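Everything below belongs to start-v2.txt, which stores compact mmCIF, C-alpha atoms (C1' of nucleotides).
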```txt
# COMPACT_ATOMS: atom_id res chain seq x y z
CA MET X 1 39.13 39.04 64.07
CA PRO X 2 39.22 35.47 62.79
CA GLU X 3 42.66 33.97 62.77
CA LYS X 4 43.79 33.09 59.35
CA LYS X 5 45.51 29.77 58.97
CA ALA X 6 48.18 29.21 56.41
CA LYS X 7 47.18 30.00 52.86
CA SER X 8 44.54 27.63 51.69
CA THR X 9 45.67 27.50 48.10
CA ARG X 10 48.80 25.44 48.00
CA ARG X 11 50.20 25.73 44.53
CA SER X 12 51.90 22.37 44.50
CA GLY X 13 53.62 19.85 46.70
CA CYS X 14 57.05 20.92 45.56
CA PRO X 15 59.18 21.88 48.55
CA VAL X 16 60.63 24.84 46.69
CA SER X 17 57.18 26.15 45.97
CA ILE X 18 56.06 25.72 49.55
CA SER X 19 59.20 27.38 50.86
CA LEU X 20 58.53 30.32 48.60
CA GLU X 21 55.02 30.61 49.91
CA ARG X 22 56.54 31.21 53.33
CA ILE X 23 59.51 33.40 52.61
CA GLY X 24 59.20 34.29 48.94
CA ASP X 25 58.84 38.03 49.13
CA ARG X 26 61.08 41.03 49.29
CA TRP X 27 61.07 41.45 53.06
CA SER X 28 60.81 38.20 55.00
CA LEU X 29 64.35 37.06 54.40
CA LEU X 30 65.70 40.47 55.29
CA VAL X 31 64.02 40.27 58.66
CA ILE X 32 65.44 36.81 59.10
CA ARG X 33 68.87 38.01 58.07
CA ASP X 34 68.74 40.77 60.66
CA LEU X 35 67.74 38.32 63.37
CA MET X 36 70.44 35.93 62.27
CA VAL X 37 73.52 38.03 61.77
CA ARG X 38 72.81 41.51 62.99
CA GLY X 39 71.44 40.60 66.38
CA PHE X 40 68.17 42.46 65.97
CA ARG X 41 65.45 41.65 68.45
CA THR X 42 62.83 44.40 68.43
CA PHE X 43 60.29 45.91 66.11
CA ARG X 44 62.01 49.20 66.28
CA GLU X 45 65.37 47.86 65.20
CA PHE X 46 63.87 46.33 62.09
CA GLU X 47 61.92 49.44 61.34
CA GLN X 48 64.79 51.85 61.68
CA ALA X 49 67.92 50.08 60.63
CA GLY X 50 66.34 48.02 57.92
CA GLU X 51 66.09 48.90 54.28
CA GLY X 52 63.04 51.06 54.84
CA ILE X 53 60.25 48.64 55.48
CA ALA X 54 56.90 50.21 56.34
CA SER X 55 55.66 49.51 59.84
CA ASN X 56 52.44 47.87 58.74
CA ILE X 57 54.30 45.57 56.39
CA LEU X 58 56.80 44.76 59.09
CA ALA X 59 54.03 43.92 61.53
CA ASP X 60 52.42 41.74 58.91
CA ARG X 61 55.64 39.88 58.15
CA LEU X 62 56.45 39.31 61.79
CA ARG X 63 52.97 37.91 62.29
CA LYS X 64 53.27 35.60 59.31
CA LEU X 65 56.74 34.44 60.22
CA GLU X 66 55.51 33.64 63.69
CA ALA X 67 52.50 31.83 62.29
CA SER X 68 54.86 29.78 60.15
CA GLY X 69 56.96 28.85 63.14
CA ILE X 70 60.03 30.64 61.85
CA ILE X 71 60.26 33.16 64.66
CA THR X 72 58.86 33.54 68.15
CA ALA X 73 57.66 36.71 69.82
CA GLU X 74 57.72 37.17 73.53
CA ARG X 75 57.28 40.13 75.80
CA GLU X 76 60.32 41.12 77.73
CA GLU X 77 60.14 40.56 81.47
CA SER X 78 61.99 43.67 82.48
CA ASP X 79 60.11 45.98 80.13
CA GLY X 80 56.54 45.15 79.23
CA ARG X 81 56.57 47.35 76.18
CA ARG X 82 59.24 45.42 74.44
CA VAL X 83 58.66 42.33 72.38
CA ASN X 84 61.63 40.16 71.65
CA TYR X 85 61.68 38.33 68.40
CA ARG X 86 63.98 35.42 67.81
CA LEU X 87 64.48 32.66 65.34
CA THR X 88 63.24 29.18 66.02
CA LYS X 89 65.14 26.09 64.91
CA LYS X 90 63.14 26.21 61.72
CA GLY X 91 64.22 29.82 61.33
CA ILE X 92 67.90 29.26 61.93
CA ASP X 93 67.77 26.42 59.43
CA LEU X 94 67.34 29.08 56.79
CA ALA X 95 70.96 30.06 57.31
CA PRO X 96 72.22 28.05 54.33
CA VAL X 97 69.64 29.67 52.06
CA LEU X 98 70.67 33.11 53.21
CA LEU X 99 74.32 32.30 52.84
CA GLU X 100 73.92 31.06 49.29
CA LEU X 101 71.86 34.11 48.45
CA LEU X 102 74.60 36.28 49.85
CA ILE X 103 77.28 34.55 47.87
CA TRP X 104 75.26 34.70 44.68
CA GLY X 105 74.48 38.36 45.05
CA ALA X 106 78.04 39.27 45.86
CA ARG X 107 79.33 37.34 42.88
CA HIS X 108 76.87 38.51 40.27
CA GLU X 109 75.62 41.90 41.31
CA GLU X 110 77.22 45.15 42.23
CA THR X 111 76.98 45.13 45.95
CA GLY X 112 78.50 47.06 48.75
CA ALA X 113 80.24 43.99 50.07
CA PRO X 114 83.95 43.57 49.51
CA CYS X 115 84.52 40.56 47.29
CA ALA X 116 87.31 39.19 49.37
CA VAL X 117 85.06 38.77 52.36
CA ILE X 118 82.49 36.86 50.41
CA MET X 119 85.00 34.66 48.65
CA ASN X 120 86.36 33.84 52.03
CA MET X 121 82.91 32.94 53.28
CA GLU X 122 82.35 30.82 50.23
CA GLU X 123 85.39 28.78 51.00
CA SER X 124 84.42 28.28 54.59
CA ARG X 125 80.67 27.80 54.34
CA GLU X 126 80.58 25.25 57.08
CA GLU X 127 82.53 27.37 59.51
CA VAL X 128 80.31 30.35 58.86
CA LEU X 129 77.20 28.26 59.36
CA ALA X 130 78.61 26.70 62.49
CA GLU X 131 79.22 30.16 63.91
CA VAL X 132 75.72 31.32 63.00
CA ARG X 133 74.30 28.29 64.76
CA ARG X 134 76.47 28.76 67.77
CA ARG X 135 75.34 32.35 68.10
CA TRP X 136 71.76 31.19 67.93
CA ARG X 137 72.24 28.47 70.51
CA GLU X 138 74.06 30.72 72.92
CA ARG X 139 71.85 33.74 72.25
CA ASP X 140 74.83 35.76 71.21
CA SER X 141 73.50 38.98 69.69
CA THR X 142 76.69 40.72 68.71
CA PRO X 143 76.52 41.63 65.05
CA LEU X 144 78.30 39.12 62.88
CA LEU X 145 78.21 41.03 59.64
CA PRO X 146 78.55 44.74 58.94
CA LYS X 147 75.89 46.58 57.01
CA PHE X 148 77.37 46.34 53.56
CA GLY X 149 77.45 49.48 51.54
CA ASP X 150 76.47 51.79 54.32
CA GLY X 151 79.92 52.98 55.11
CA GLY X 152 80.97 49.88 56.94
CA GLY X 153 81.77 48.08 53.73
CA GLY X 154 85.48 48.34 54.02
CA ARG X 155 85.77 46.43 57.22
CA HIS X 156 86.21 42.74 57.01
CA LEU X 157 84.14 40.06 58.58
CA ALA X 158 84.88 39.45 62.20
CA ARG X 159 86.79 36.22 62.42
CA THR X 160 84.42 33.35 62.19
CA ARG X 161 85.75 31.58 65.21
CA ARG X 162 86.21 33.67 68.30
CA GLY X 163 88.96 32.02 70.28
CA ALA X 164 90.78 30.21 67.55
CA MET C 1 58.32 50.95 24.40
CA PRO C 2 60.93 52.59 26.62
CA GLU C 3 63.34 50.12 28.10
CA LYS C 4 63.36 50.14 31.84
CA LYS C 5 66.71 49.71 33.49
CA ALA C 6 67.06 47.98 36.81
CA LYS C 7 65.03 49.41 39.63
CA SER C 8 66.34 52.79 40.53
CA THR C 9 65.69 52.50 44.23
CA ARG C 10 68.27 50.19 45.64
CA ARG C 11 67.38 49.51 49.23
CA SER C 12 70.90 48.87 50.40
CA GLY C 13 74.23 47.50 49.35
CA CYS C 14 73.69 44.23 51.14
CA PRO C 15 74.09 41.34 48.71
CA VAL C 16 71.13 39.56 50.25
CA SER C 17 68.93 42.57 49.70
CA ILE C 18 70.07 42.97 46.13
CA SER C 19 69.57 39.30 45.41
CA LEU C 20 66.05 39.57 46.73
CA GLU C 21 65.36 42.51 44.47
CA ARG C 22 66.09 40.20 41.57
CA ILE C 23 64.49 36.95 42.58
CA GLY C 24 62.59 37.74 45.76
CA ASP C 25 59.04 37.00 44.72
CA ARG C 26 56.77 34.03 44.54
CA TRP C 27 57.42 33.12 40.92
CA SER C 28 60.92 33.88 39.71
CA LEU C 29 62.61 31.00 41.47
CA LEU C 30 59.95 28.59 40.27
CA VAL C 31 60.68 29.53 36.69
CA ILE C 32 64.37 29.08 37.39
CA ARG C 33 63.71 25.74 39.03
CA ASP C 34 61.81 24.55 35.98
CA LEU C 35 64.62 25.61 33.69
CA MET C 36 67.15 23.99 35.95
CA VAL C 37 65.73 20.61 36.81
CA ARG C 38 62.64 20.05 34.73
CA GLY C 39 64.10 20.88 31.38
CA PHE C 40 61.54 23.51 30.48
CA ARG C 41 62.38 25.77 27.58
CA THR C 42 59.22 27.46 26.31
CA PHE C 43 56.62 29.91 27.51
CA ARG C 44 53.96 27.33 27.10
CA GLU C 45 55.65 24.78 29.29
CA PHE C 46 55.91 27.23 32.15
CA GLU C 47 52.36 28.34 31.67
CA GLN C 48 50.82 24.90 31.58
CA ALA C 49 52.89 22.65 33.77
CA GLY C 50 53.76 25.27 36.34
CA GLU C 51 51.88 26.01 39.52
CA GLY C 52 49.33 28.15 37.72
CA ILE C 53 51.18 31.32 36.88
CA ALA C 54 49.21 33.87 34.87
CA SER C 55 50.53 34.52 31.39
CA ASN C 56 51.07 38.23 31.93
CA ILE C 57 53.01 37.60 35.11
CA LEU C 58 55.04 34.93 33.40
CA ALA C 59 55.87 37.29 30.56
CA ASP C 60 56.84 39.93 33.06
CA ARG C 61 59.10 37.61 35.01
CA LEU C 62 60.79 36.26 31.92
CA ARG C 63 61.46 39.80 30.83
CA LYS C 64 62.89 40.78 34.18
CA LEU C 65 64.99 37.66 34.49
CA GLU C 66 66.40 38.32 31.06
CA ALA C 67 67.05 41.96 31.95
CA SER C 68 68.91 40.75 35.03
CA GLY C 69 71.05 38.42 32.97
CA ILE C 70 69.71 35.32 34.63
CA ILE C 71 68.16 33.81 31.53
CA THR C 72 68.43 34.28 27.80
CA ALA C 73 65.66 34.20 25.25
CA GLU C 74 66.25 33.26 21.67
CA ARG C 75 64.01 32.42 18.81
CA GLU C 76 64.26 28.89 17.56
CA GLU C 77 65.72 28.46 14.08
CA SER C 78 63.46 25.67 12.98
CA ASP C 79 60.25 27.28 14.20
CA GLY C 80 60.02 31.04 14.31
CA ARG C 81 57.16 31.02 16.76
CA ARG C 82 59.09 29.40 19.51
CA VAL C 83 61.31 31.19 21.94
CA ASN C 84 63.81 29.13 23.86
CA TYR C 85 64.65 30.26 27.33
CA ARG C 86 67.72 29.03 29.09
CA LEU C 87 69.75 29.84 32.14
CA THR C 88 72.92 31.86 31.92
CA LYS C 89 75.92 31.16 34.12
CA LYS C 90 74.50 33.66 36.55
CA GLY C 91 71.25 31.73 36.46
CA ILE C 92 72.73 28.31 37.01
CA ASP C 93 74.68 29.75 39.91
CA LEU C 94 71.38 29.95 41.73
CA ALA C 95 71.40 26.18 42.01
CA PRO C 96 72.73 26.20 45.59
CA VAL C 97 70.04 28.64 46.67
CA LEU C 98 67.37 26.47 45.14
CA LEU C 99 68.83 23.34 46.66
CA GLU C 100 68.92 24.82 50.14
CA LEU C 101 65.39 26.06 49.73
CA LEU C 102 64.33 22.60 48.69
CA ILE C 103 66.01 20.98 51.66
CA TRP C 104 64.56 23.50 54.07
CA GLY C 105 61.05 23.12 52.75
CA ALA C 106 61.21 19.37 52.77
CA ARG C 107 62.46 19.31 56.33
CA HIS C 108 60.14 21.84 57.84
CA GLU C 109 56.98 21.85 55.82
CA GLU C 110 54.54 19.24 54.71
CA THR C 111 55.51 18.71 51.14
CA GLY C 112 54.78 16.15 48.51
CA ALA C 113 58.40 15.10 48.41
CA PRO C 114 59.47 11.85 50.02
CA CYS C 115 61.79 12.62 52.90
CA ALA C 116 64.27 9.95 52.02
CA VAL C 117 64.99 11.54 48.69
CA ILE C 118 65.68 14.90 50.23
CA MET C 119 67.81 13.55 53.02
CA ASN C 120 69.80 11.80 50.39
CA MET C 121 70.23 15.02 48.46
CA GLU C 122 71.26 16.78 51.61
CA GLU C 123 74.04 14.32 52.15
CA SER C 124 75.27 14.66 48.62
CA ARG C 125 74.83 18.33 47.93
CA GLU C 126 77.95 18.57 45.87
CA GLU C 127 77.07 15.63 43.69
CA VAL C 128 73.60 17.02 43.07
CA LEU C 129 75.01 20.40 42.18
CA ALA C 130 77.63 18.85 39.95
CA GLU C 131 74.92 17.01 38.07
CA VAL C 132 72.82 20.16 37.71
CA ARG C 133 75.81 21.98 36.32
CA ARG C 134 76.68 19.16 33.97
CA ARG C 135 73.15 19.18 32.60
CA TRP C 136 73.41 22.88 32.02
CA ARG C 137 76.77 22.65 30.32
CA GLU C 138 75.71 19.83 28.07
CA ARG C 139 72.22 21.20 27.47
CA ASP C 140 70.70 18.04 28.80
CA SER C 141 66.99 18.70 29.19
CA THR C 142 65.79 15.44 30.61
CA PRO C 143 63.88 16.09 33.80
CA LEU C 144 66.02 15.58 36.85
CA LEU C 145 63.33 15.82 39.48
CA PRO C 146 59.75 14.59 39.46
CA LYS C 147 56.90 16.95 40.12
CA PHE C 148 56.52 16.37 43.82
CA GLY C 149 53.04 15.83 45.10
CA ASP C 150 51.41 15.51 41.73
CA GLY C 151 51.27 11.78 41.74
CA GLY C 152 54.94 11.30 41.05
CA GLY C 153 55.85 11.71 44.67
CA GLY C 154 56.50 8.10 45.33
CA ARG C 155 59.26 7.74 42.85
CA HIS C 156 62.75 8.42 43.93
CA LEU C 157 65.26 10.76 42.44
CA ALA C 158 67.14 9.43 39.48
CA ARG C 159 70.58 8.56 40.68
CA THR C 160 72.70 11.61 40.82
CA ARG C 161 75.67 10.02 39.13
CA ARG C 162 74.90 8.30 35.90
CA GLY C 163 77.60 5.74 35.46
CA ALA C 164 78.56 5.17 39.04
C1' DA S 1 50.54 62.55 87.06
C1' DC S 2 52.90 63.45 82.73
C1' DG S 3 55.63 63.04 78.93
C1' DA S 4 58.38 59.60 76.42
C1' DT S 5 58.67 54.93 74.22
C1' DA S 6 57.60 50.59 71.92
C1' DA S 7 54.67 48.24 69.24
C1' DC S 8 51.62 48.27 66.59
C1' DT S 9 46.74 50.05 63.72
C1' DT S 10 44.18 52.64 60.44
C1' DG S 11 43.18 55.27 56.16
C1' DC S 12 44.11 55.96 51.83
C1' DA S 13 46.61 56.42 47.38
C1' DT S 14 49.49 53.60 44.37
C1' DT S 15 51.21 49.41 42.55
C1' DT S 16 51.09 44.68 41.58
C1' DC S 17 48.47 40.34 40.83
C1' DG S 18 45.43 37.29 38.75
C1' DC S 19 42.09 35.97 35.53
C1' DA S 20 39.88 36.09 30.92
C1' DA S 21 39.95 37.55 26.50
C1' DG S 22 42.28 39.47 22.58
C1' DT S 23 46.33 40.20 19.38
C1' DT S 24 50.37 39.17 16.37
C1' DA S 25 53.53 36.37 13.95
C1' DC S 26 54.64 32.27 12.18
C1' DA S 27 53.49 27.38 10.72
C1' DT S 28 50.76 23.68 8.94
C1' DT S 29 46.95 21.81 6.17
C1' DG S 30 44.06 21.13 2.28
C1' DC H 1 47.49 30.28 -1.04
C1' DA H 2 43.59 30.71 1.97
C1' DA H 3 42.01 28.75 6.16
C1' DT H 4 43.09 26.99 10.46
C1' DG H 5 46.18 26.27 14.24
C1' DT H 6 49.79 27.34 17.47
C1' DA H 7 53.17 30.02 20.40
C1' DA H 8 54.03 33.98 22.66
C1' DC H 9 52.65 37.39 24.30
C1' DT H 10 49.08 42.04 25.45
C1' DT H 11 45.18 44.30 27.31
C1' DG H 12 41.44 45.35 30.53
C1' DC H 13 39.88 45.30 34.81
C1' DG H 14 38.62 43.92 39.63
C1' DA H 15 41.05 42.32 43.78
C1' DA H 16 44.78 42.16 46.77
C1' DA H 17 49.25 43.79 48.41
C1' DT H 18 52.25 47.73 49.28
C1' DG H 19 53.88 52.16 50.96
C1' DC H 20 53.24 56.35 53.54
C1' DA H 21 51.57 59.25 57.22
C1' DA H 22 49.12 59.63 61.15
C1' DG H 23 46.81 57.72 65.10
C1' DT H 24 46.26 54.33 69.07
C1' DT H 25 47.35 51.53 73.20
C1' DA H 26 50.09 49.91 76.83
C1' DT H 27 54.01 50.45 79.49
C1' DC H 28 57.93 53.05 81.64
C1' DG H 29 60.80 56.69 83.84
C1' DT H 30 60.61 60.66 86.83
```
How would this structure read if it were set down as structure tokens?
Amino acid sequence: MPEKKAKSTRRSGCPVSISLERIGDRWSLLVIRDLMVRGFRTFREFEQAGEGIASNILADRLRKLEASGIITAEREESDGRRVNYRLTKKGIDLAPVLLELLIWGARHEETGAPCAVIMNMEESREEVLAEVRRRWRERDSTPLLPKFGDGGGGRHLARTRRGA
Amino acid sequence: MPEKKAKSTRRSGCPVSISLERIGDRWSLLVIRDLMVRGFRTFREFEQAGEGIASNILADRLRKLEASGIITAEREESDGRRVNYRLTKKGIDLAPVLLELLIWGARHEETGAPCAVIMNMEESREEVLAEVRRRWRERDSTPLLPKFGDGGGGRHLARTRRGA
DNA sequence: ACGATAACTTGCATTTCGCAAGTTACATTG
DNA sequence: CAATGTAACTTGCGAAATGCAAGTTATCGT
């Protein structure tokens, strides 16, 4: 099977357009979100706990995200079946996009997220982002955010800073 | 023609997921970008100056964006053929998302945008956003950003603050 | 060795996309 | 006021993407 490079037809040089060619679909950013704040690492986790993505689509997205340098995939030492996915620097740099998307959705749509939590995040963007980055750097996989609207909605965000 | 309400199948209550159901495709955010920083108002402008969107898709997106309360469509008084599209408050609130997407793309992908411009925007996010919001409030349609990579790439962003 | 697991493929029906051409309503021109 | 033009869409249709169910391959635990 011939490897397919990035799409040949670049619509324009606009950064927004190019960004959308990479992550502009209904699933890619959800996968990235799960890697970023829910501590997901494996195919199975995405498949099961996600919003119902089909396995072939998931495989396709993981492949494309890897090809774009947004995530890496590596086999686990201790268990050769498992593949561990994680965000690259390029991937974690999508945190601000995700955060703004979260804030926008919470403000303008009926979501399962408690408003207070989001308003709090809005006022402390930088702290939230700093925590997301720290987790990435230190490979901390403990879930940062609950799964809004799935029964965990009432709980509030774990404090952004651990110690202080 | 039976009106179709919002998608019935909501994947989850997560704000990110819901946001993506509204604008998570390859075209919606480009239309919003053009309304926001290029001063586009009409169907024709999107169709011609855009990245090559098909007219049926454009019509579909405009319809959906209107249904989602992100844009409004109103016939022009002086010329009954024309329909003027503009962003609602909900629509202009996507500015931070777009800005972060722009910054990310410029940093991590080969785009037609001069790096210096973007780095400058990154350091003055709030000023850029303030200007975008001012333009929206005052219905100022002068283009704010050039069309990167289409020959206008060399020019730099018009100063964010007018007077100072 | 044998069943369980994890990570994918494969087939196929359905939906969406993309392109070209056509339609409708209004406006302008002669 | 008839002819031509323009703006905003539809329509038709082949191609590509999506969603589902089932199958495959390579470990792993016992």
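The environment of stretch 59-72 of chain X within 7 Å, counting all atoms listed in the file and disregarding residues fewer than 6 places along the same chain, consists of Ser28, Tyr85, Arg86, Leu87, Thr88, Lys90 and Gly91 of chain X.
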Each residue of chain C with at least one atom at most 8 Å from chain S should appear once, together with its nearest atom pair and the corresponding distance in Å (one decimal); atoms considered: all atoms listed in the file; ordering: chain, then increasing residue number; output as CSV.
```
residue,atom,partner,partner_atom,distance
C:Ala54,CA,S:DG18,C1',6.4
C:Ile57,CA,S:DC17,C1',7.8
C:Asp79,CA,S:DA27,C1',7.6
C:Gly80,CA,S:DC26,C1',5.9
C:Arg81,CA,S:DC26,C1',5.4
```
Fitted copy of chain X on chain C, all Cα, as a short mmCIF file (atom, residue, chain, number, x, y, z; two decimals) with C-alpha atoms, in the coordinates of the input:
```
data_model
loop_
_atom_site.label_atom_id
_atom_site.label_comp_id
_atom_site.auth_asym_id
_atom_site.auth_seq_id
_atom_site.Cartn_x
_atom_site.Cartn_y
_atom_site.Cartn_z
CA MET X 1 57.90 51.99 24.99
CA PRO X 2 60.91 53.18 26.97
CA GLU X 3 63.06 50.39 28.26
CA LYS X 4 63.19 50.31 31.97
CA LYS X 5 66.56 49.72 33.50
CA ALA X 6 66.97 47.92 36.76
CA LYS X 7 65.03 49.39 39.64
CA SER X 8 66.35 52.78 40.51
CA THR X 9 65.72 52.53 44.21
CA ARG X 10 68.31 50.20 45.61
CA ARG X 11 67.39 49.55 49.19
CA SER X 12 70.90 48.91 50.40
CA GLY X 13 74.24 47.54 49.35
CA CYS X 14 73.67 44.27 51.14
CA PRO X 15 74.07 41.37 48.73
CA VAL X 16 71.10 39.58 50.24
CA SER X 17 68.92 42.59 49.69
CA ILE X 18 70.06 43.00 46.11
CA SER X 19 69.56 39.31 45.40
CA LEU X 20 66.04 39.59 46.71
CA GLU X 21 65.36 42.52 44.45
CA ARG X 22 66.07 40.20 41.54
CA ILE X 23 64.48 36.95 42.58
CA GLY X 24 62.56 37.78 45.74
CA ASP X 25 59.04 37.02 44.67
CA ARG X 26 56.76 34.04 44.51
CA TRP X 27 57.41 33.13 40.88
CA SER X 28 60.93 33.88 39.68
CA LEU X 29 62.60 31.01 41.47
CA LEU X 30 59.95 28.60 40.28
CA VAL X 31 60.70 29.51 36.70
CA ILE X 32 64.37 29.06 37.42
CA ARG X 33 63.72 25.73 39.08
CA ASP X 34 61.82 24.53 36.03
CA LEU X 35 64.64 25.57 33.73
CA MET X 36 67.17 23.96 36.02
CA VAL X 37 65.74 20.59 36.90
CA ARG X 38 62.66 20.01 34.82
CA GLY X 39 64.15 20.83 31.45
CA PHE X 40 61.58 23.45 30.54
CA ARG X 41 62.43 25.70 27.63
CA THR X 42 59.27 27.38 26.34
CA PHE X 43 56.66 29.82 27.49
CA ARG X 44 54.01 27.25 27.11
CA GLU X 45 55.70 24.72 29.34
CA PHE X 46 55.94 27.21 32.16
CA GLU X 47 52.40 28.32 31.67
CA GLN X 48 50.87 24.88 31.64
CA ALA X 49 52.92 22.68 33.86
CA GLY X 50 53.75 25.31 36.40
CA GLU X 51 51.87 26.08 39.56
CA GLY X 52 49.34 28.20 37.73
CA ILE X 53 51.17 31.36 36.87
CA ALA X 54 49.20 33.87 34.80
CA SER X 55 50.55 34.48 31.32
CA ASN X 56 51.08 38.19 31.81
CA ILE X 57 52.99 37.59 35.01
CA LEU X 58 55.04 34.91 33.35
CA ALA X 59 55.89 37.22 30.47
CA ASP X 60 56.86 39.89 32.94
CA ARG X 61 59.09 37.57 34.94
CA LEU X 62 60.81 36.19 31.87
CA ARG X 63 61.50 39.74 30.74
CA LYS X 64 62.90 40.74 34.10
CA LEU X 65 65.00 37.63 34.45
CA GLU X 66 66.43 38.27 31.03
CA ALA X 67 67.08 41.89 31.89
CA SER X 68 68.93 40.72 34.98
CA GLY X 69 71.08 38.38 32.96
CA ILE X 70 69.72 35.27 34.64
CA ILE X 71 68.19 33.75 31.54
CA THR X 72 68.49 34.21 27.80
CA ALA X 73 65.72 34.08 25.23
CA GLU X 74 66.33 33.11 21.67
CA ARG X 75 64.09 32.20 18.80
CA GLU X 76 64.36 28.67 17.62
CA GLU X 77 65.88 28.19 14.19
CA SER X 78 63.65 25.37 13.10
CA ASP X 79 60.43 26.98 14.29
CA GLY X 80 60.17 30.75 14.32
CA ARG X 81 57.28 30.75 16.72
CA ARG X 82 59.19 29.17 19.50
CA VAL X 83 61.39 31.02 21.92
CA ASN X 84 63.87 29.01 23.89
CA TYR X 85 64.69 30.17 27.34
CA ARG X 86 67.76 28.96 29.14
CA LEU X 87 69.77 29.80 32.18
CA THR X 88 72.94 31.79 31.93
CA LYS X 89 75.94 31.12 34.15
CA LYS X 90 74.51 33.64 36.56
CA GLY X 91 71.26 31.70 36.47
CA ILE X 92 72.76 28.28 37.04
CA ASP X 93 74.70 29.74 39.95
CA LEU X 94 71.39 29.95 41.74
CA ALA X 95 71.40 26.18 42.05
CA PRO X 96 72.74 26.20 45.62
CA VAL X 97 70.03 28.64 46.69
CA LEU X 98 67.36 26.47 45.17
CA LEU X 99 68.81 23.36 46.70
CA GLU X 100 68.90 24.84 50.18
CA LEU X 101 65.37 26.09 49.75
CA LEU X 102 64.32 22.61 48.74
CA ILE X 103 65.98 21.02 51.70
CA TRP X 104 64.52 23.54 54.10
CA GLY X 105 61.02 23.16 52.76
CA ALA X 106 61.17 19.40 52.80
CA ARG X 107 62.44 19.38 56.36
CA HIS X 108 60.09 21.91 57.87
CA GLU X 109 56.93 21.90 55.84
CA GLU X 110 54.49 19.29 54.73
CA THR X 111 55.48 18.73 51.18
CA GLY X 112 54.78 16.16 48.57
CA ALA X 113 58.40 15.12 48.46
CA PRO X 114 59.45 11.89 50.11
CA CYS X 115 61.78 12.67 52.98
CA ALA X 116 64.25 10.01 52.10
CA VAL X 117 64.97 11.59 48.76
CA ILE X 118 65.66 14.95 50.28
CA MET X 119 67.78 13.60 53.09
CA ASN X 120 69.78 11.83 50.47
CA MET X 121 70.21 15.05 48.53
CA GLU X 122 71.23 16.82 51.68
CA GLU X 123 74.02 14.39 52.24
CA SER X 124 75.27 14.67 48.71
CA ARG X 125 74.83 18.37 48.01
CA GLU X 126 77.95 18.58 45.95
CA GLU X 127 77.06 15.64 43.77
CA VAL X 128 73.61 17.02 43.13
CA LEU X 129 75.02 20.41 42.24
CA ALA X 130 77.65 18.87 40.03
CA GLU X 131 74.94 17.02 38.14
CA VAL X 132 72.84 20.16 37.77
CA ARG X 133 75.85 21.97 36.37
CA ARG X 134 76.71 19.16 34.05
CA ARG X 135 73.20 19.14 32.67
CA TRP X 136 73.45 22.85 32.08
CA ARG X 137 76.82 22.62 30.37
CA GLU X 138 75.77 19.77 28.14
CA ARG X 139 72.28 21.13 27.52
CA ASP X 140 70.75 17.99 28.89
CA SER X 141 67.03 18.65 29.27
CA THR X 142 65.83 15.39 30.70
CA PRO X 143 63.93 16.07 33.89
CA LEU X 144 66.07 15.57 36.95
CA LEU X 145 63.37 15.81 39.56
CA PRO X 146 59.78 14.60 39.52
CA LYS X 147 56.94 16.98 40.21
CA PHE X 148 56.54 16.40 43.90
CA GLY X 149 53.06 15.87 45.15
CA ASP X 150 51.45 15.54 41.79
CA GLY X 151 51.31 11.81 41.75
CA GLY X 152 54.94 11.31 40.98
CA GLY X 153 55.92 11.76 44.59
CA GLY X 154 56.57 8.15 45.29
CA ARG X 155 59.30 7.73 42.78
CA HIS X 156 62.79 8.41 43.88
CA LEU X 157 65.28 10.76 42.40
CA ALA X 158 67.01 9.47 39.34
CA ARG X 159 70.51 8.55 40.35
CA THR X 160 72.62 11.62 40.51
CA ARG X 161 75.40 10.23 38.43
CA ARG X 162 74.40 8.55 35.22
CA GLY X 163 77.09 6.02 34.47
CA ALA X 164 78.43 5.41 37.92
#
```
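One distance worth recording is that between atom CA of X:Pro114 and atom CA of C:Gly13, which is 10.5 Å.
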Considering all atoms listed in the file, return as a list in words whatever protein or nucleic-acid residues lie within 12 Å of X:Asp93, sequence-local ones (same chain, fewer than 4 positions apart) excluded. Ile32, Arg33, Met36, Gly69, Ile70, Ile71, Leu87, Thr88, Lys89, Val97, Leu98, Leu99, Leu129, Ala130, Val132, Arg133 and Trp136 of chain X; Glu100, Leu101, Leu102, Ile103, Trp104, Gly105, Ala106, Arg107 and His108 of chain C
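Between atom CA of C:Pro15 and atom CA of X:Ala113 the interatomic distance comes to 6.8 Å.
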